[in-house]
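Novice: Can you read through this structure? Questions will come right after.
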Amino acid sequence: MNRREFVKAAGVSSIGVSLAGSAAAGEADCSGTTSTTAPVTDRQRFNYVGPDADAQGGYFKFMAKPATTIDFGLSSVDEERAAELHRTLHIFDSEPEVGYHTNLIENLLGSGAGGVAGSFTMDALPHDLINGMSGDDIRIRPADWWSRATLESNLAFMDKLVAHKGDQVQICTSHSDLLAARAAGKVGMMLDCQNTMFVRNDLEQLEIFYKKGVRRVQLSYNQQMQAATGCMEPRDGGVTMWGARIIGKLNELNILVDTGHCSSMTLSDAIDISERPIACSHAGMRSIAPDNPRTHTDEGLKKLADNGGVFGVVGVPGTLIPGSDTASVADFVEAIDRAVNVMGVEHVGFALDQIQGPSPDEFFTSPDWPPEAAASVSVTDWPWSDTFRGMENQSGYINLTRGLVAKGYSDENIRKVMGENHLRLIKEVIG
């Protein structure tokens with residue numbers, strides 16, 4: 001079964017947008033300038049911001065509408081407490097969205113939190129080629145994934161985006177930057193890589209991209225990489241000798257080591273090798289979803305906590321309810337509570353890991369996501385955030401606060417889970 005046959009069999013409809021007036025693929029690379037008046041366009045000359053925006057908006061149900069309000073049975077007093085607490089939170093979502101779409105910033109700000117920040121991936125797929133296309137219209141190639149060229153183009157694209165949305169977004173390279181973004185009412189964006197393929201055989205690449213703003217690096221994605229084993233490999237080799245050298249360089253540069261998509265042995269090895277605490281930014285718990293490879297054991301998570309790390313419980317339905325493509329914020333709260341019971345409340349955060357930017361056809365160009373990989377994590381509906389009731393997009397952060405209130409969490413512990421634990425790790429490791 002090929003990719004399109006898988007998508008069709010899974011019941012995922014093809015998605016398309018109007019291409020009127022677009023240029024052919026392969027024209028000017030990331031056209032547009034950093035001027036605050038020039039359009040931010042992709043390689044097909046779609047505008048991404050402003051009244052003339054004509055790309056990446058509205059082709060999925062919840063891209064531009066508020067997340068569903070979930071009834072947690074809270075009293076009016078508890079609802080008032082949750083609303084007031086939420087207005088004071090500094091949220092840090094450790095993987096809010098894989099790509100970029102025109103509603104993303106508004107959704108991040110839409111929950112009404114006191115501050116919103118997150119870590120945004122730069123090396124996966126080209127942001128400036130994502131337009132909800134399907135079939136023969138897609139412009140992303142398998143070779144675009146994890147390439148150094150994609151990393152470079154995405155960093156340049158974000159610079160252009162921030163030049164237009166500087167009143168809403170700030171690229172942050174330190175804990176103090178995140179505090180400044182909050183004070184200014186902006187989304188604080190930290191930049192990450194979810195793979196080490198861009199390093200190749202040259203550790204100096206880490207320093208080059210540190211200077212360009214990258215502050216978190218995941219050792220491997222789903223498959224075996226030169227540095228480490230990914231979560232979907234049948235044989236778990238953990239961190240390689242080269243991977244150990246990469247970890248050493250990351251420590252030297254004050255870049256956060258991440259293991260979100262890594263295998264169990266890679267997580268354990270990375271903890272042992274790193275001289276600084278590490279993150280597992282976005283994964284599930286094997287004790288909840290034992291057959292889902294995007295999960296870690298309680299033993300591994302305890303070791304992460306014992307060494308000062310932080311775990312981002314991922315908001316993907318298949319990790320919250322075994323074999324399911326539907327879940328709710330209530331299920332998310334239960335998973336977070338289980339992680340707290342295993343690791344302690346000082347070591348647990350969350351990550352939505354949404355994929356609203358690309359269409360399924362665009363996303364499944366990835367060599368890391370063949371049909372069997374998608375099936376193993378229960379990807380049947382697209383985007384899977386549409387079936388995550390109460391958290392269909394980032395405006396649903398308020399539902400998570402309300403759910404933690406309903407679960408009996410104190411204000412102090414809600415602050416930790418919603419962002420302070422990740423912020424502490426960032427301050428300790430990155431500075």
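Ordered as shown in the structure tokens, chains take letters A, B, and onward, while each chain numbers its residues from 1 and ligands are numbered from 1 in the order shown.
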Could you give me, as a VMD selection string, the residues within 8 Å of stretch 350-358 of chain A, counting only C-alpha atoms and dropping anything in the same chain fewer than 6 positions from it?

Specialist: chain A and resid 56 60 63 93 to 101 130 to 133 281 to 282 311 to 316 336 383 to 385 393 to 394 417 to 418

Novice: Write down as a ChimeraX atom specification the residues belonging to stretch 115-329 of chain A that are assigned alpha helix (DSSP H) by DSSP computed on the backbone.

Specialist: /A:148-164,175-183,204-211,241-253,264-273,298-306,317-320,329

Novice: In Å, rounded to a single decimal, give me how far atom CA of A:Thr295 is from atom CA of A:Leu203.

Specialist: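 Going from atom CA of A:Leu203 over to atom CA of A:Thr295, I get 29.0 Å.
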
Novice: Can you tell me how far atom CA of A:Asn292 sits from atom CA of A:Leu219, in Å to one decimal?

Specialist: 19.8 Å

Novice: Which neighbours of stretch 405-416 of chain A fall inside 7 Å, counting only C-alpha atoms, when residues of the same chain fewer than 6 positions from it are skipped, and could you give them as number ranges by chain?

Specialist: A: 72, 74, 82, 89, 345-346

Novice: Closest to A:Asp337 among A:Ile278, A:Ile171, A:Leu304, A:Leu400, using only C-alpha atoms?

Specialist: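 For A:Asp337, the nearest of the given residues is A:Leu400.
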
Novice: Show me, as a PDB file with N, CA and C atoms, in the first residue's frame, the residues that have an atom within 6 Å of A:Thr326 when counting only C-alpha atoms, minus same-chain residues fewer than 4 positions from it.

Specialist:
ATOM      1  N   PRO A 317      -3.992  11.665  20.658  1.00  0.00           N
ATOM      2  CA  PRO A 317      -4.986  10.721  21.176  1.00  0.00           C
ATOM      3  C   PRO A 317      -4.509   9.288  21.331  1.00  0.00           C
ATOM      4  N   THR A 387      -9.662  15.569  16.518  1.00  0.00           N
ATOM      5  CA  THR A 387     -10.344  14.563  17.336  1.00  0.00           C
ATOM      6  C   THR A 387      -9.870  14.597  18.793  1.00  0.00           C
ATOM      7  N   PHE A 388      -9.158  15.667  19.156  1.00  0.00           N
ATOM      8  CA  PHE A 388      -8.693  15.859  20.533  1.00  0.00           C
ATOM      9  C   PHE A 388      -9.595  16.914  21.166  1.00  0.00           C
TER      10      PHE A 388
END

Novice: Report the distance between atom CA of A:Gln224 and atom CA of A:Thr319 in Å, rounded to one decimal place.

Specialist: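 So the two atoms, atom CA of A:Gln224 and atom CA of A:Thr319, lie 21.6 Å apart.
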
Novice: Here is a test: counting only C-alpha atoms, which residue of A:Arg200, A:Arg294, A:Lys61, A:His422 is nearest to A:Gly243?

Specialist: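 Between A:Arg200, A:Arg294, A:Lys61, A:His422, the residue approaching A:Gly243 most closely is A:Arg200.
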
Novice: Neighbouring residues of A:Lys65 were defined as those with any atom within 12 Å, considering only C-alpha atoms; residues of the same chain fewer than 5 positions away were excluded. Please report them as a short mmCIF file (atom, residue, chain, number, x, y, z; two decimals) with N, CA and C atoms, in the first residue's frame.

Specialist:
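Okay, this is what ended up in result06.cif:
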data_model
loop_
_atom_site.label_atom_id
_atom_site.label_comp_id
_atom_site.auth_asym_id
_atom_site.auth_seq_id
_atom_site.Cartn_x
_atom_site.Cartn_y
_atom_site.Cartn_z
N GLY A 57 -4.53 28.71 5.53
CA GLY A 57 -5.58 29.09 6.47
C GLY A 57 -6.91 28.46 6.15
N GLY A 58 -7.55 27.86 7.17
CA GLY A 58 -8.93 27.46 7.06
C GLY A 58 -9.21 26.15 6.35
N TYR A 59 -8.21 25.38 5.95
CA TYR A 59 -8.51 24.14 5.25
C TYR A 59 -8.74 22.97 6.19
N PHE A 60 -8.52 23.15 7.50
CA PHE A 60 -8.94 22.17 8.49
C PHE A 60 -9.94 22.83 9.43
N ASN A 103 -3.01 30.86 11.17
CA ASN A 103 -3.79 31.03 12.39
C ASN A 103 -3.03 30.65 13.66
N LEU A 104 -1.81 30.18 13.50
CA LEU A 104 -1.10 29.62 14.64
C LEU A 104 -0.90 30.62 15.77
N GLU A 106 -2.45 33.41 16.50
CA GLU A 106 -3.71 33.79 17.11
C GLU A 106 -4.24 32.68 18.02
N ASN A 107 -4.07 31.42 17.60
CA ASN A 107 -4.50 30.30 18.43
C ASN A 107 -3.68 30.23 19.72
N GLY A 110 -4.88 32.74 21.96
CA GLY A 110 -6.33 32.74 22.11
C GLY A 110 -6.87 32.19 23.40
N SER A 111 -6.04 31.53 24.22
CA SER A 111 -6.57 30.97 25.47
C SER A 111 -6.61 32.00 26.58
N ASP A 386 -8.03 17.50 15.48
CA ASP A 386 -9.47 17.69 15.33
C ASP A 386 -10.26 16.70 16.19
N GLY A 390 -11.50 19.58 23.06
CA GLY A 390 -11.08 20.57 24.04
C GLY A 390 -9.68 21.09 23.82
N MET A 391 -8.92 20.42 22.92
CA MET A 391 -7.58 20.87 22.60
C MET A 391 -7.36 20.74 21.09
N GLU A 392 -8.37 21.10 20.33
CA GLU A 392 -8.26 21.02 18.89
C GLU A 392 -7.22 21.99 18.34
N ASN A 393 -6.95 23.03 19.07
CA ASN A 393 -5.82 23.90 18.80
C ASN A 393 -5.38 24.55 20.11
N GLN A 394 -4.40 25.42 20.05
CA GLN A 394 -3.77 25.92 21.28
C GLN A 394 -4.68 26.84 22.09
N SER A 395 -5.77 27.31 21.50
CA SER A 395 -6.71 28.10 22.30
C SER A 395 -7.33 27.27 23.43
N GLY A 396 -7.17 25.94 23.35
CA GLY A 396 -7.70 25.05 24.38
C GLY A 396 -6.84 24.96 25.63
#

Novice: Going by DSSP on the backbone, which residues of stretch 57-143 of chain A come out as strand (DSSP E)? List them as a list in words.

Specialist: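 The residues of stretch 57-143 of chain A classed as strand (DSSP E) are His90, Ile91, Phe92, Asp93, Gly115, Val116, Ala117, Gly118, Ser119, Phe120 and Thr121 of chain A.
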
Novice: Skipping near chain neighbours, those fewer than 4 positions away, what residues fall within 7 Å of A:Cys172 using only C-alpha atoms, listed as a list in words?

Specialist: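 So the residues in contact are Asp177, Leu178, Gly188, Met189 and Met190 of chain A.
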
Novice: Grab the residues selected above and save them as a compact mmCIF listing (two decimals), in the first residue's frame with N, CA and C atoms.

Specialist:
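Here's the written file out-v2.txt:
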# COMPACT_ATOMS: atom_id res chain seq x y z
N ASP A 177 14.84 36.09 27.72
CA ASP A 177 14.07 36.45 26.53
C ASP A 177 12.62 36.01 26.67
N LEU A 178 12.41 34.83 27.24
CA LEU A 178 11.05 34.33 27.43
C LEU A 178 10.28 35.23 28.39
N GLY A 188 6.52 33.66 22.94
CA GLY A 188 7.96 33.43 22.99
C GLY A 188 8.31 32.15 22.25
N MET A 189 9.02 32.28 21.14
CA MET A 189 9.37 31.12 20.32
C MET A 189 10.82 30.73 20.55
N MET A 190 11.05 29.53 21.09
CA MET A 190 12.38 28.96 21.09
C MET A 190 12.46 27.99 19.91

Novice: Show which residues sit within 10 Å of A:Ala149, as a list of chain:residue names. Count only C-alpha atoms, and ignore same-chain residues fewer than 4 positions away.

Specialist: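 Here the qualifying residues turn out to be A:Asp123, A:Pro126, A:Asp144, A:Trp145, A:Ser153, A:Asn154, A:Leu155, A:Phe198.
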
Novice: May I have the selected residues written with N, CA and C atoms, as a tab-separated table (two decimals), in the first residue's frame?

Specialist:
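This went into part.tsv:
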chain	number	residue	atom	x	y	z
A	123	ASP	N	13.74	21.92	11.51
A	123	ASP	CA	14.46	21.07	10.55
A	123	ASP	C	13.62	19.95	9.95
A	126	PRO	N	9.80	21.83	5.06
A	126	PRO	CA	9.91	23.26	4.74
A	126	PRO	C	8.61	24.02	5.02
A	144	ASP	N	13.54	16.66	1.26
A	144	ASP	CA	13.45	17.94	1.97
A	144	ASP	C	13.44	17.75	3.48
A	145	TRP	N	13.02	16.59	3.93
A	145	TRP	CA	12.93	16.35	5.37
A	145	TRP	C	14.32	16.25	5.98
A	153	SER	N	16.32	27.37	5.43
A	153	SER	CA	15.19	28.10	4.88
A	153	SER	C	14.14	28.38	5.94
A	154	ASN	N	13.93	27.45	6.87
A	154	ASN	CA	12.95	27.69	7.93
A	154	ASN	C	13.40	28.79	8.89
A	155	LEU	N	14.69	28.82	9.20
A	155	LEU	CA	15.20	29.89	10.05
A	155	LEU	C	15.03	31.24	9.36
A	198	PHE	N	21.33	17.17	10.35
A	198	PHE	CA	22.00	18.37	9.84
A	198	PHE	C	23.46	18.45	10.29
